[in-house]
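Text of coords-v8.pdb (PDB, C-alpha atoms) as supplied:
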ATOM      1  CA  ASP C 232       0.000   0.000   0.000
ATOM      2  CA  THR C 233       1.832   3.026  -1.252
ATOM      3  CA  GLY C 234      -1.009   5.469  -0.693
ATOM      4  CA  VAL C 235      -2.642   7.826  -3.167
ATOM      5  CA  SER C 236      -0.152   9.395  -5.549
ATOM      6  CA  GLN C 237      -0.691  12.633  -7.444
ATOM      7  CA  ASN C 238       1.434  14.200 -10.150
ATOM      8  CA  PRO C 239       2.672  16.793 -10.585
ATOM      9  CA  ARG C 240       2.920  18.342  -7.114
ATOM     10  CA  HIS C 241       3.010  21.832  -8.552
ATOM     11  CA  LYS C 242       1.930  23.265 -11.875
ATOM     12  CA  ILE C 243       2.348  26.827 -13.049
ATOM     13  CA  THR C 244       0.638  27.760 -16.276
ATOM     14  CA  LYS C 245      -0.434  30.778 -18.229
ATOM     15  CA  ARG C 246      -4.066  31.689 -18.564
ATOM     16  CA  GLY C 247      -5.638  29.948 -21.531
ATOM     17  CA  GLN C 248      -3.387  26.914 -21.463
ATOM     18  CA  ASN C 249      -4.612  23.377 -20.840
ATOM     19  CA  VAL C 250      -3.350  21.339 -17.904
ATOM     20  CA  THR C 251      -3.710  17.691 -16.932
ATOM     21  CA  PHE C 252      -3.225  16.106 -13.537
ATOM     22  CA  ARG C 253      -2.869  12.461 -12.710
ATOM     23  CA  CYS C 254      -3.996  10.454  -9.690
ATOM     24  CA  ASP C 255      -3.046   6.899  -8.817
ATOM     25  CA  PRO C 256      -5.343   5.609  -6.063
ATOM     26  CA  ILE C 257      -4.727   2.792  -3.637
ATOM     27  CA  SER C 258      -4.899  -0.310  -5.787
ATOM     28  CA  GLU C 259      -7.837  -2.094  -4.177
ATOM     29  CA  HIS C 260      -9.974   1.042  -3.908
ATOM     30  CA  ASN C 261     -12.723   1.255  -6.505
ATOM     31  CA  ARG C 262     -13.930   4.746  -5.652
ATOM     32  CA  LEU C 263     -11.921   7.744  -6.705
ATOM     33  CA  TYR C 264     -12.740  11.372  -5.951
ATOM     34  CA  TRP C 265     -11.487  14.726  -7.119
ATOM     35  CA  TYR C 266     -11.730  17.722  -4.803
ATOM     36  CA  ARG C 267     -10.528  21.287  -5.044
ATOM     37  CA  GLN C 268      -9.277  23.294  -2.088
ATOM     38  CA  THR C 269      -8.452  26.982  -1.827
ATOM     39  CA  LEU C 270      -6.673  28.680   1.025
ATOM     40  CA  GLY C 271      -8.686  28.795   4.212
ATOM     41  CA  GLN C 272     -11.389  26.517   2.908
ATOM     42  CA  GLY C 273     -12.284  22.886   3.222
ATOM     43  CA  PRO C 274     -12.172  20.594   0.191
ATOM     44  CA  GLU C 275     -14.861  21.132  -2.431
ATOM     45  CA  PHE C 276     -16.234  18.099  -4.254
ATOM     46  CA  LEU C 277     -15.700  18.029  -8.029
ATOM     47  CA  THR C 278     -16.450  14.509  -9.260
ATOM     48  CA  TYR C 279     -16.166  10.844  -8.414
ATOM     49  CA  PHE C 280     -15.781   7.459 -10.059
ATOM     50  CA  GLN C 281     -16.899   3.980  -9.166
ATOM     51  CA  ASN C 282     -14.373   1.899 -11.067
ATOM     52  CA  GLU C 283     -14.304   3.423 -14.561
ATOM     53  CA  ALA C 284     -17.774   4.973 -14.362
ATOM     54  CA  GLN C 285     -18.021   8.660 -13.563
ATOM     55  CA  LEU C 286     -21.086   8.718 -11.326
ATOM     56  CA  GLU C 287     -21.394  12.363 -10.471
ATOM     57  CA  LYS C 288     -20.040  15.764 -11.337
ATOM     58  CA  SER C 289     -20.504  18.822  -9.208
ATOM     59  CA  ARG C 290     -22.586  21.591 -10.708
ATOM     60  CA  LEU C 291     -19.626  23.797  -9.907
ATOM     61  CA  LEU C 292     -17.588  21.934 -12.492
ATOM     62  CA  SER C 293     -17.638  23.900 -15.716
ATOM     63  CA  ASP C 294     -17.393  22.375 -19.179
ATOM     64  CA  ARG C 295     -13.713  23.218 -19.189
ATOM     65  CA  PHE C 296     -13.110  20.455 -16.665
ATOM     66  CA  SER C 297     -13.070  16.807 -17.645
ATOM     67  CA  ALA C 298     -12.031  13.726 -15.730
ATOM     68  CA  GLU C 299     -11.415  10.189 -16.849
ATOM     69  CA  ARG C 300     -10.624   6.868 -15.293
ATOM     70  CA  PRO C 301     -10.320   4.672 -18.354
ATOM     71  CA  LYS C 302      -9.381   1.343 -16.787
ATOM     72  CA  GLY C 303     -10.740   1.875 -13.329
ATOM     73  CA  SER C 304      -7.283   2.460 -11.953
ATOM     74  CA  PHE C 305      -5.564   5.841 -12.369
ATOM     75  CA  SER C 306      -7.508   8.983 -13.178
ATOM     76  CA  THR C 307      -6.750  12.214 -14.997
ATOM     77  CA  LEU C 308      -8.282  15.626 -14.508
ATOM     78  CA  GLU C 309      -7.925  18.068 -17.389
ATOM     79  CA  ILE C 310      -8.671  21.762 -17.285
ATOM     80  CA  GLN C 311      -8.957  23.469 -20.643
ATOM     81  CA  ARG C 312      -8.419  27.185 -21.239
ATOM     82  CA  THR C 313      -7.358  27.756 -17.660
ATOM     83  CA  GLU C 314      -8.459  30.895 -15.846
ATOM     84  CA  GLN C 315      -6.924  32.596 -12.843
ATOM     85  CA  GLY C 316      -9.865  31.452 -10.763
ATOM     86  CA  ASP C 317      -8.803  27.855 -11.357
ATOM     87  CA  SER C 318      -5.772  28.396  -9.129
ATOM     88  CA  ALA C 319      -6.183  25.976  -6.240
ATOM     89  CA  MET C 320      -4.993  22.725  -4.756
ATOM     90  CA  TYR C 321      -6.530  19.765  -6.581
ATOM     91  CA  LEU C 322      -6.903  16.781  -4.323
ATOM     92  CA  CYS C 323      -7.522  13.181  -5.249
ATOM     93  CA  ALA C 324      -8.897  10.651  -2.793
ATOM     94  CA  SER C 325      -9.847   7.006  -2.942
ATOM     95  CA  SER C 326     -11.948   4.679  -0.846
ATOM     96  CA  LEU C 327     -13.652   1.353  -0.794
ATOM     97  CA  SER C 328     -17.224   1.519  -2.039
ATOM     98  CA  GLN C 329     -18.929   1.190   1.301
ATOM     99  CA  GLY C 330     -20.770   4.473   1.661
ATOM    100  CA  SER C 331     -19.064   6.738   4.117
ATOM    101  CA  GLU C 332     -15.826   4.887   4.379
ATOM    102  CA  LYS C 333     -12.818   6.941   5.172
ATOM    103  CA  LEU C 334     -11.094   8.715   2.342
ATOM    104  CA  PHE C 335      -7.395   8.361   1.635
ATOM    105  CA  PHE C 336      -6.060  11.562   0.121
ATOM    106  CA  GLY C 337      -3.060  12.279  -2.030
ATOM    107  CA  SER C 338      -0.798  15.249  -1.400
ATOM    108  CA  GLY C 339      -2.521  17.230  -4.119
ATOM    109  CA  THR C 340      -1.478  19.210  -7.161
ATOM    110  CA  GLN C 341      -1.064  22.935  -6.566
ATOM    111  CA  LEU C 342      -2.125  24.822  -9.675
ATOM    112  CA  SER C 343      -1.151  28.429 -10.233
ATOM    113  CA  VAL C 344      -2.608  30.187 -13.246
ATOM    114  CA  LEU C 345      -0.751  33.373 -14.131
TER
ATOM    115  CA  ALA M 120     -29.651  22.618   5.476
ATOM    116  CA  GLN M 121     -26.443  20.919   6.501
ATOM    117  CA  LYS M 122     -23.566  22.854   7.890
ATOM    118  CA  VAL M 123     -20.361  22.355   9.851
ATOM    119  CA  THR M 124     -18.975  25.167  11.963
ATOM    120  CA  GLN M 125     -15.482  25.282  13.367
ATOM    121  CA  ALA M 126     -15.529  28.524  15.253
ATOM    122  CA  GLN M 127     -11.837  28.534  16.069
ATOM    123  CA  THR M 128      -9.857  29.706  13.073
ATOM    124  CA  GLU M 129      -6.452  29.504  14.709
ATOM    125  CA  ILE M 130      -5.202  28.138  18.001
ATOM    126  CA  SER M 131      -1.704  28.465  19.379
ATOM    127  CA  VAL M 132      -0.505  26.430  22.364
ATOM    128  CA  VAL M 133       2.745  25.519  23.999
ATOM    129  CA  GLU M 134       3.924  21.958  23.819
ATOM    130  CA  LYS M 135       2.412  19.623  26.430
ATOM    131  CA  GLU M 136      -0.710  21.713  26.811
ATOM    132  CA  ASP M 137      -4.094  20.104  26.212
ATOM    133  CA  VAL M 138      -6.166  21.628  23.429
ATOM    134  CA  THR M 139      -9.770  21.139  22.309
ATOM    135  CA  LEU M 140     -10.965  21.835  18.782
ATOM    136  CA  ASP M 141     -14.654  22.567  18.532
ATOM    137  CA  CYS M 142     -17.018  21.317  15.861
ATOM    138  CA  VAL M 143     -20.733  22.072  15.697
ATOM    139  CA  TYR M 144     -22.885  20.578  12.983
ATOM    140  CA  GLU M 145     -26.374  21.112  11.631
ATOM    141  CA  THR M 146     -28.511  18.537   9.924
ATOM    142  CA  ARG M 147     -32.117  17.395   9.977
ATOM    143  CA  ASP M 148     -31.148  13.887   9.020
ATOM    144  CA  THR M 149     -31.308  11.329  11.787
ATOM    145  CA  THR M 150     -28.609   9.211  10.177
ATOM    146  CA  TYR M 151     -25.281  10.809   9.465
ATOM    147  CA  TYR M 152     -21.536  10.417   9.886
ATOM    148  CA  LEU M 153     -19.014  12.787  11.388
ATOM    149  CA  PHE M 154     -15.338  12.866  10.552
ATOM    150  CA  TRP M 155     -12.139  14.557  11.603
ATOM    151  CA  TYR M 156      -9.242  14.949   9.194
ATOM    152  CA  LYS M 157      -5.783  16.386   9.787
ATOM    153  CA  GLN M 158      -3.952  18.380   7.112
ATOM    154  CA  PRO M 159      -0.269  18.878   7.988
ATOM    155  CA  PRO M 160       1.903  21.367   6.094
ATOM    156  CA  SER M 161       2.669  18.672   3.516
ATOM    157  CA  GLY M 162      -0.935  19.067   2.366
ATOM    158  CA  GLU M 163      -2.152  15.485   2.538
ATOM    159  CA  LEU M 164      -5.431  15.112   4.407
ATOM    160  CA  VAL M 165      -5.240  12.292   6.922
ATOM    161  CA  PHE M 166      -8.306  10.528   8.266
ATOM    162  CA  LEU M 167      -8.526  10.545  12.054
ATOM    163  CA  ILE M 168     -11.970   9.276  12.995
ATOM    164  CA  ARG M 169     -15.466   8.485  11.735
ATOM    165  CA  ARG M 170     -18.481   8.369  13.996
ATOM    166  CA  ASN M 171     -22.049   7.516  13.051
ATOM    167  CA  SER M 172     -25.032   9.294  14.539
ATOM    168  CA  PHE M 173     -26.176   6.294  16.529
ATOM    169  CA  ASP M 174     -22.920   5.873  18.385
ATOM    170  CA  GLU M 175     -22.452   8.561  21.009
ATOM    171  CA  GLN M 176     -19.750   6.704  22.813
ATOM    172  CA  ASN M 177     -16.691   8.852  23.224
ATOM    173  CA  GLU M 178     -13.474   7.528  21.787
ATOM    174  CA  ILE M 179      -9.880   7.738  22.855
ATOM    175  CA  SER M 180      -6.915   6.916  20.667
ATOM    176  CA  GLY M 181      -3.616   7.611  22.359
ATOM    177  CA  ARG M 182      -3.422  11.352  22.980
ATOM    178  CA  TYR M 183      -6.517  11.989  20.869
ATOM    179  CA  SER M 184     -10.069  11.874  22.181
ATOM    180  CA  TRP M 185     -13.426  12.804  20.724
ATOM    181  CA  ASN M 186     -16.561  13.920  22.518
ATOM    182  CA  PHE M 187     -19.762  13.425  20.528
ATOM    183  CA  GLN M 188     -22.868  15.060  22.015
ATOM    184  CA  LYS M 189     -26.042  14.937  19.955
ATOM    185  CA  SER M 190     -27.832  17.175  22.451
ATOM    186  CA  THR M 191     -25.569  20.055  21.501
ATOM    187  CA  SER M 192     -24.774  18.853  17.957
ATOM    188  CA  SER M 193     -21.102  18.884  18.748
ATOM    189  CA  PHE M 194     -18.214  16.594  17.941
ATOM    190  CA  ASN M 195     -15.209  18.073  19.688
ATOM    191  CA  PHE M 196     -11.652  16.848  19.412
ATOM    192  CA  THR M 197      -9.130  17.013  22.237
ATOM    193  CA  ILE M 198      -5.390  16.536  21.987
ATOM    194  CA  THR M 199      -3.765  15.775  25.305
ATOM    195  CA  ALA M 200      -0.156  16.765  25.951
ATOM    196  CA  SER M 201       0.191  18.382  22.540
ATOM    197  CA  GLN M 202       3.372  17.973  20.525
ATOM    198  CA  VAL M 203       4.938  20.049  17.768
ATOM    199  CA  VAL M 204       4.029  17.311  15.260
ATOM    200  CA  ASP M 205       0.370  18.000  16.010
ATOM    201  CA  SER M 206       0.680  21.345  14.231
ATOM    202  CA  ALA M 207      -1.715  21.176  11.306
ATOM    203  CA  VAL M 208      -5.109  22.283  10.056
ATOM    204  CA  TYR M 209      -7.868  20.095  11.415
ATOM    205  CA  PHE M 210     -11.139  19.682   9.535
ATOM    206  CA  CYS M 211     -14.450  18.433  10.833
ATOM    207  CA  ALA M 212     -16.827  17.038   8.197
ATOM    208  CA  LEU M 213     -20.368  15.720   7.986
ATOM    209  CA  SER M 214     -21.862  13.114   5.649
ATOM    210  CA  VAL M 215     -25.617  12.640   5.617
ATOM    211  CA  GLY M 216     -27.849   9.728   4.673
ATOM    212  CA  SER M 217     -28.038   6.127   5.770
ATOM    213  CA  ALA M 218     -25.558   4.869   3.226
ATOM    214  CA  GLY M 219     -23.634   8.066   3.471
ATOM    215  CA  ASN M 220     -21.604   9.248   0.596
ATOM    216  CA  ASN M 221     -18.212  10.788   0.553
ATOM    217  CA  ARG M 222     -19.233  13.105  -2.268
ATOM    218  CA  LYS M 223     -21.653  14.781   0.081
ATOM    219  CA  LEU M 224     -19.080  15.472   2.727
ATOM    220  CA  ILE M 225     -19.748  18.901   4.159
ATOM    221  CA  TRP M 226     -16.572  20.389   5.499
ATOM    222  CA  GLY M 227     -15.896  22.992   8.114
ATOM    223  CA  LEU M 228     -13.404  25.726   7.353
ATOM    224  CA  GLY M 229     -10.768  24.097   9.506
ATOM    225  CA  THR M 230      -8.887  25.071  12.638
ATOM    226  CA  SER M 231      -5.198  25.814  12.274
ATOM    227  CA  LEU M 232      -3.343  24.497  15.307
ATOM    228  CA  ALA M 233       0.170  25.676  16.072
ATOM    229  CA  VAL M 234       2.025  23.847  18.820
ATOM    230  CA  ASN M 235       5.087  25.775  19.873
ATOM    231  CA  PRO M 236       8.104  24.217  21.590
TER
END
Write-out of the structure in structure tokens:
Amino acid sequence: DTGVSQNPRHKITKRGQNVTFRCDPISEHNRLYWYRQTLGQGPEFLTYFQNEAQLEKSRLLSDRFSAERPKGSFSTLEIQRTEQGDSAMYLCASSLSQGSEKLFFGSGTQLSVL
Amino acid sequence: AQKVTQAQTEISVVEKEDVTLDCVYETRDTTYYLFWYKQPPSGELVFLIRRNSFDEQNEISGRYSWNFQKSTSSFNFTITASQVVDSAVYFCALSVGSAGNNRKLIWGLGTSLAVNP
């Protein structure tokens, strides 16, 4: 069990560019979540997967955001045409599919949009 | 409406002091789960405890203890004999519904704890 791994740890980009983040969950976990966190706030839900199926997307998630989990293992989160308001920490978490089981979080990807 | 309030934004203590982090929640659901997570400077949120609404028994884990009181809708967290490594932001969170669902976790704003040597 190596924990949840996220890459890159930091990403600096110019406004309008596309960025992609990767998350490798704990291997036996079939649920995978993406959250966003800004300074002084708790995590904000973006989307989650049960295996390869994306079961829900937050209404806060604009069309510029897309997430995939093609083989039910790792996941990618892409942001197209980044805006300064996208600057945040993007957190990935995984869990077993047993309702409110505890989440295991990665260290996050800090995105800065200049 | 569901809500989690952590009234203490920042707390600063000296090592070995006891410290209590407050958490007050609001929900009309009778079945729900409460969580505490720790976020150290490295950024990775670490699960500390989960408690369901039917289990009001207080829990102790080493220097950590939790006091769940439905009468006051509180789920407070106490660190006994604090250590510098306890310095972190601590989040209280609420999940509603019988099956619960981590996507519906409602988070407080966090309490930043600084333990000074």
Exercise for the section: Spell out the residues picked by the PyMOL selection byres ((chain C) within 7 of (chain M)) here, as a PyMOL selection string. Expected result: chain C and resi 271-274+276+330-331+333-339
Practice task
List, as a PyMOL selection string, every residue that the PyMOL selection byres ((chain C and resi 250-267) around 6) selects in the file provided.
Solution key: chain C and resi 234-238+249+268+274-282+305-310+320-328
Residues from last step as file, C-alpha atoms, as an mmCIF file, keeping the file's coordinate frame:
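Resulting contents of part29.cif:
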data_model
loop_
_atom_site.group_PDB
_atom_site.id
_atom_site.type_symbol
_atom_site.label_atom_id
_atom_site.label_comp_id
_atom_site.auth_asym_id
_atom_site.auth_seq_id
_atom_site.Cartn_x
_atom_site.Cartn_y
_atom_site.Cartn_z
ATOM 1 C CA GLY C 234 -1.009 5.469 -0.693
ATOM 2 C CA VAL C 235 -2.642 7.826 -3.167
ATOM 3 C CA SER C 236 -0.152 9.395 -5.549
ATOM 4 C CA GLN C 237 -0.691 12.633 -7.444
ATOM 5 C CA ASN C 238 1.434 14.200 -10.150
ATOM 6 C CA ASN C 249 -4.612 23.377 -20.840
ATOM 7 C CA GLN C 268 -9.277 23.294 -2.088
ATOM 8 C CA PRO C 274 -12.172 20.594 0.191
ATOM 9 C CA GLU C 275 -14.861 21.132 -2.431
ATOM 10 C CA PHE C 276 -16.234 18.099 -4.254
ATOM 11 C CA LEU C 277 -15.700 18.029 -8.029
ATOM 12 C CA THR C 278 -16.450 14.509 -9.260
ATOM 13 C CA TYR C 279 -16.166 10.844 -8.414
ATOM 14 C CA PHE C 280 -15.781 7.459 -10.059
ATOM 15 C CA GLN C 281 -16.899 3.980 -9.166
ATOM 16 C CA ASN C 282 -14.373 1.899 -11.067
ATOM 17 C CA PHE C 305 -5.564 5.841 -12.369
ATOM 18 C CA SER C 306 -7.508 8.983 -13.178
ATOM 19 C CA THR C 307 -6.750 12.214 -14.997
ATOM 20 C CA LEU C 308 -8.282 15.626 -14.508
ATOM 21 C CA GLU C 309 -7.925 18.068 -17.389
ATOM 22 C CA ILE C 310 -8.671 21.762 -17.285
ATOM 23 C CA MET C 320 -4.993 22.725 -4.756
ATOM 24 C CA TYR C 321 -6.530 19.765 -6.581
ATOM 25 C CA LEU C 322 -6.903 16.781 -4.323
ATOM 26 C CA CYS C 323 -7.522 13.181 -5.249
ATOM 27 C CA ALA C 324 -8.897 10.651 -2.793
ATOM 28 C CA SER C 325 -9.847 7.006 -2.942
ATOM 29 C CA SER C 326 -11.948 4.679 -0.846
ATOM 30 C CA LEU C 327 -13.652 1.353 -0.794
ATOM 31 C CA SER C 328 -17.224 1.519 -2.039
#
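One finds atom CA of M:Pro160 at 26.4 Å from atom CA of M:Ser193.
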Written as a PDB file with C-alpha atoms, in the frame of the given file, what is the full residue list that the PyMOL selection byres ((chain M and resi 190) around 12) yields on the file shown?
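This went into selection-v4.pdb:
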ATOM      1  CA  VAL M 143     -20.733  22.072  15.697  1.00  0.00           C
ATOM      2  CA  TYR M 144     -22.885  20.578  12.983  1.00  0.00           C
ATOM      3  CA  GLU M 145     -26.374  21.112  11.631  1.00  0.00           C
ATOM      4  CA  SER M 172     -25.032   9.294  14.539  1.00  0.00           C
ATOM      5  CA  GLU M 175     -22.452   8.561  21.009  1.00  0.00           C
ATOM      6  CA  ASN M 186     -16.561  13.920  22.518  1.00  0.00           C
ATOM      7  CA  PHE M 187     -19.762  13.425  20.528  1.00  0.00           C
ATOM      8  CA  GLN M 188     -22.868  15.060  22.015  1.00  0.00           C
ATOM      9  CA  LYS M 189     -26.042  14.937  19.955  1.00  0.00           C
ATOM     10  CA  THR M 191     -25.569  20.055  21.501  1.00  0.00           C
ATOM     11  CA  SER M 192     -24.774  18.853  17.957  1.00  0.00           C
ATOM     12  CA  SER M 193     -21.102  18.884  18.748  1.00  0.00           C
ATOM     13  CA  PHE M 194     -18.214  16.594  17.941  1.00  0.00           C
TER      14      PHE M 194
END
Exercise for the section: Mind checking which residues fall within 9 Å of M:Val234, counting all atoms listed in the file, ignoring those fewer than 6 positions away in the same chain, and posting them as number ranges by chain? Expected result: M: 130-136, 201-207
